[in-house]
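Text of entry_9.pdb, listed as PDB, C-alpha atoms:
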```pdb
ATOM      1  CA  VAL A   2       0.000   0.000   0.000
ATOM      2  CA  GLN A   3       1.266   3.445  -0.907
ATOM      3  CA  LEU A   4      -0.138   6.818   0.019
ATOM      4  CA  GLN A   5       0.183   9.719  -2.378
ATOM      5  CA  ALA A   6      -0.310  13.250  -1.117
ATOM      6  CA  SER A   7      -1.049  16.099  -3.494
ATOM      7  CA  GLY A   8      -2.201  19.692  -3.474
ATOM      8  CA  GLY A   9       0.821  21.465  -2.093
ATOM      9  CA  GLY A  10       2.282  24.601  -3.566
ATOM     10  CA  LEU A  11       2.385  28.328  -3.001
ATOM     11  CA  VAL A  12      -0.507  29.867  -1.090
ATOM     12  CA  GLN A  13      -1.026  33.497  -0.122
ATOM     13  CA  VAL A  14      -1.630  34.480   3.479
ATOM     14  CA  GLY A  15      -5.340  34.414   4.178
ATOM     15  CA  GLU A  16      -6.187  32.012   1.394
ATOM     16  CA  SER A  17      -7.200  28.379   1.691
ATOM     17  CA  LEU A  18      -5.268  25.245   0.925
ATOM     18  CA  ARG A  19      -6.603  21.804   0.202
ATOM     19  CA  LEU A  20      -4.549  18.656   0.312
ATOM     20  CA  SER A  21      -5.567  15.223  -0.847
ATOM     21  CA  CYS A  22      -4.217  11.780  -0.096
ATOM     22  CA  ALA A  23      -4.985   8.691  -2.121
ATOM     23  CA  ALA A  24      -3.983   5.086  -1.616
ATOM     24  CA  SER A  25      -2.737   2.638  -4.190
ATOM     25  CA  GLY A  26      -2.055  -1.050  -3.984
ATOM     26  CA  SER A  27      -4.084  -3.596  -2.141
ATOM     27  CA  VAL A  28      -6.230  -1.512   0.164
ATOM     28  CA  TYR A  29      -8.456  -3.406   2.554
ATOM     29  CA  GLY A  30      -9.222  -0.326   4.531
ATOM     30  CA  PHE A  31      -7.797   2.127   6.935
ATOM     31  CA  GLY A  32      -8.405   2.911  10.538
ATOM     32  CA  THR A  33      -7.459   6.382  11.685
ATOM     33  CA  MET A  34      -6.169   8.644   8.927
ATOM     34  CA  SER A  35      -4.139  11.723   9.741
ATOM     35  CA  TRP A  36      -2.198  14.652   8.404
ATOM     36  CA  TYR A  37       1.133  15.654   9.887
ATOM     37  CA  ARG A  38       3.415  18.490   8.974
ATOM     38  CA  GLN A  39       7.034  19.362   9.451
ATOM     39  CA  ALA A  40       8.190  22.947   9.264
ATOM     40  CA  PRO A  41      11.833  23.789   8.576
ATOM     41  CA  GLY A  42      13.920  23.109  11.647
ATOM     42  CA  LYS A  43      11.009  21.684  13.611
ATOM     43  CA  GLN A  44       9.728  18.258  14.521
ATOM     44  CA  ARG A  45       6.901  16.605  12.695
ATOM     45  CA  GLU A  46       3.576  17.405  14.339
ATOM     46  CA  LEU A  47       0.067  16.066  14.084
ATOM     47  CA  VAL A  48      -2.281  18.503  12.359
ATOM     48  CA  ALA A  49      -5.541  16.578  12.183
ATOM     49  CA  SER A  50      -6.879  13.059  12.399
ATOM     50  CA  ILE A  51     -10.132  11.316  11.602
ATOM     51  CA  SER A  52     -11.237   7.902  12.754
ATOM     52  CA  ARG A  53     -12.964   5.433  10.508
ATOM     53  CA  GLY A  54     -16.215   6.416  12.177
ATOM     54  CA  GLY A  55     -15.627  10.103  11.525
ATOM     55  CA  THR A  56     -14.364  11.392  14.864
ATOM     56  CA  ARG A  57     -12.088  14.353  14.182
ATOM     57  CA  ASN A  58      -9.269  15.871  16.176
ATOM     58  CA  TYR A  59      -7.238  18.974  15.404
ATOM     59  CA  ALA A  60      -4.068  20.570  16.645
ATOM     60  CA  ASP A  61      -4.657  23.809  18.514
ATOM     61  CA  SER A  62      -2.717  25.655  15.815
ATOM     62  CA  VAL A  63      -5.351  24.862  13.165
ATOM     63  CA  LYS A  64      -8.478  24.387  15.263
ATOM     64  CA  GLY A  65     -11.305  26.431  13.783
ATOM     65  CA  ARG A  66      -9.483  26.798  10.462
ATOM     66  CA  ALA A  67      -9.075  23.202   9.341
ATOM     67  CA  PHE A  68     -11.364  20.442   8.210
ATOM     68  CA  ILE A  69     -10.348  16.833   7.635
ATOM     69  CA  SER A  70     -12.496  14.419   5.690
ATOM     70  CA  ARG A  71     -12.243  10.897   4.320
ATOM     71  CA  GLU A  72     -13.947   8.438   2.039
ATOM     72  CA  ASN A  73     -13.647   4.964   3.470
ATOM     73  CA  ALA A  74     -14.545   3.155   0.268
ATOM     74  CA  LYS A  75     -11.817   4.943  -1.660
ATOM     75  CA  GLY A  76      -9.210   5.050   1.084
ATOM     76  CA  THR A  77      -8.730   8.786   0.675
ATOM     77  CA  THR A  78      -8.459  11.710   3.019
ATOM     78  CA  ASP A  79      -8.487  15.462   2.404
ATOM     79  CA  LEU A  80      -7.362  18.357   4.535
ATOM     80  CA  GLU A  81      -8.508  21.925   4.073
ATOM     81  CA  ILE A  82      -7.024  24.809   5.998
ATOM     82  CA  ASP A  83      -8.576  28.242   5.706
ATOM     83  CA  SER A  84      -7.032  31.617   6.483
ATOM     84  CA  VAL A  85      -3.512  30.236   6.120
ATOM     85  CA  MET A  86      -0.680  31.919   7.981
ATOM     86  CA  ASP A  87       3.076  31.945   7.592
ATOM     87  CA  GLU A  88       3.247  29.301  10.315
ATOM     88  CA  ASP A  89       1.389  26.861   8.062
ATOM     89  CA  THR A  90       4.429  26.610   5.802
ATOM     90  CA  ALA A  91       5.610  23.015   6.037
ATOM     91  CA  VAL A  92       5.850  19.679   4.325
ATOM     92  CA  TYR A  93       2.541  17.904   4.881
ATOM     93  CA  PHE A  94       2.351  14.139   5.185
ATOM     94  CA  CYS A  95      -0.667  11.892   5.167
ATOM     95  CA  HIS A  96      -0.695   8.876   7.424
ATOM     96  CA  ALA A  97      -2.992   5.924   7.833
ATOM     97  CA  ARG A  98      -3.249   2.901  10.069
ATOM     98  CA  SER A  99      -4.354  -0.476   8.870
ATOM     99  CA  VAL A 100      -7.922  -1.252   9.883
ATOM    100  CA  LEU A 101      -6.847  -4.850  10.544
ATOM    101  CA  ASN A 102      -3.879  -4.049  12.777
ATOM    102  CA  ASP A 103      -3.334  -0.515  14.011
ATOM    103  CA  ARG A 104       0.338  -1.259  14.632
ATOM    104  CA  ILE A 105       0.742  -1.296  10.864
ATOM    105  CA  ASP A 106       0.850   2.164   9.399
ATOM    106  CA  TYR A 107       1.594   3.931   6.148
ATOM    107  CA  TRP A 108       3.076   7.316   5.255
ATOM    108  CA  GLY A 109       2.727   9.427   2.164
ATOM    109  CA  GLN A 110       5.791  11.051   0.626
ATOM    110  CA  GLY A 111       4.955  14.581   1.722
ATOM    111  CA  THR A 112       3.816  17.644  -0.160
ATOM    112  CA  LEU A 113       5.304  21.096   0.379
ATOM    113  CA  VAL A 114       3.068  24.020   1.238
ATOM    114  CA  THR A 115       4.635  27.456   1.200
ATOM    115  CA  VAL A 116       2.647  30.382   2.518
ATOM    116  CA  SER A 117       3.642  33.691   1.026
ATOM    117  CA  SER A 118       2.860  37.125   2.337
TER
END
```
Show this structure as structure tokens.
Amino acid sequence: VQLQASGGGLVQVGESLRLSCAASGSVYGFGTMSWYRQAPGKQRELVASISRGGTRNYADSVKGRAFISRENAKGTTDLEIDSVMDEDTAVYFCHARSVLNDRIDYWGQGTLVTVSS
């Protein structure tokens, strides 16, 4: 199973960004799906997660500005962040856990988002 993240690029301060993550290979299904990000010189941090049942959690830094969604049948997840700020500049990674064994997980390759003022 491979995850492919897309949608990164240059975004102006105050605009919205939307990232998508799709799975390829033999996909039985995913448990919790998440988005992480890593800013230059910083550790990777969890941005948002969504359980298979739709329970969502957000980092304080994006709470109220972000929305994570998923389509279980397709094995995809999207992340939208509104009113982007300079601090949103980072490489964004999608992550998913196997629905059969949550100790098995998968990472996407990362997509760069650069916020410009």
request  = Report the residues retrieved by the PyMOL selection byres ((chain A and resi 83) around 10) from the displayed file, expressed as a list in words.
outcome  =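 Given this file, the PyMOL selection byres ((chain A and resi 83) around 10) evaluates to Val14, Gly15, Glu16, Ser17, Leu18, Arg19, Val63, Gly65, Arg66, Ala67, Phe68, Glu81, Ile82, Ser84, Val85 and Met86 of chain A.
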key: Residue nearest Gly42 of chain A - candidates A:Gln13, A:Thr90, A:Asn73, A:Ser21, atoms counted: only C-alpha atoms   =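 Using only C-alpha atoms, Gly42 of chain A sits closest to A:Thr90.
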Give the centre and edge lengths of an axis-aligned box, in Å to one decimal, that holds all listed atoms of segment 76-93 of chain A with 8 Å on each side, as lines of an AutoDock Vina configuration file.
```
center_x = -1.7
center_y = 18.5
center_z = 5.5
size_x = 31.1
size_y = 42.9
size_z = 25.6
```
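Atom CA of Ile105 of chain A to atom CA of Gly30 of chain A spans 11.8 Å [interatomic distance, one decimal].
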inquiry  = Which residues would end up in the selection if the PyMOL selection byres ((chain A and resi 31-36) around 7) were applied here, given that I need the answer as a ChimeraX atom specification?
reply    = /A:30,37-38,47-53,76,93-100
ask   = So what do you get for atom CA of Leu11 of chain A versus atom CA of Ser70 of chain A, distance-wise?
value =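 Value for the atom CA of Leu11 of chain A-atom CA of Ser70 of chain A distance: 22.1 Å.
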request  = Quick one: pull the distance between atom CA of Gly111 of chain A and atom CA of Ser7 of chain A, Å, one decimal.
outcome  = 8.1 Å
Pick from A:Ala60, A:Leu80, A:Val92, A:Ala40 nearest to Cys22 of chain A, counting only C-alpha atoms =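 Among A:Ala60, A:Leu80, A:Val92, A:Ala40, it is A:Leu80 that comes nearest to Cys22 of chain A.
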Spatial neighbours of Gly9 of chain A, 7 Å, all atoms listed in the file, chain gap at least 2 places, as a VMD selection string = chain A and resid 7 20 112 to 114
ask   = With distances taken over only C-alpha atoms, which of A:Gly109, A:Glu72, A:Val116, A:Thr78 is nearest to Gln5 of chain A?
value =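 The answer is A:Gly109, which sits nearest to Gln5 of chain A.
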request  = Tell me which of A:Gln3, A:Asp61, A:Ala91, A:Asp106 sits closest to Arg45 of chain A, counting only C-alpha atoms.
outcome  =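 Among the listed residues, A:Ala91 lies closest to Arg45 of chain A.
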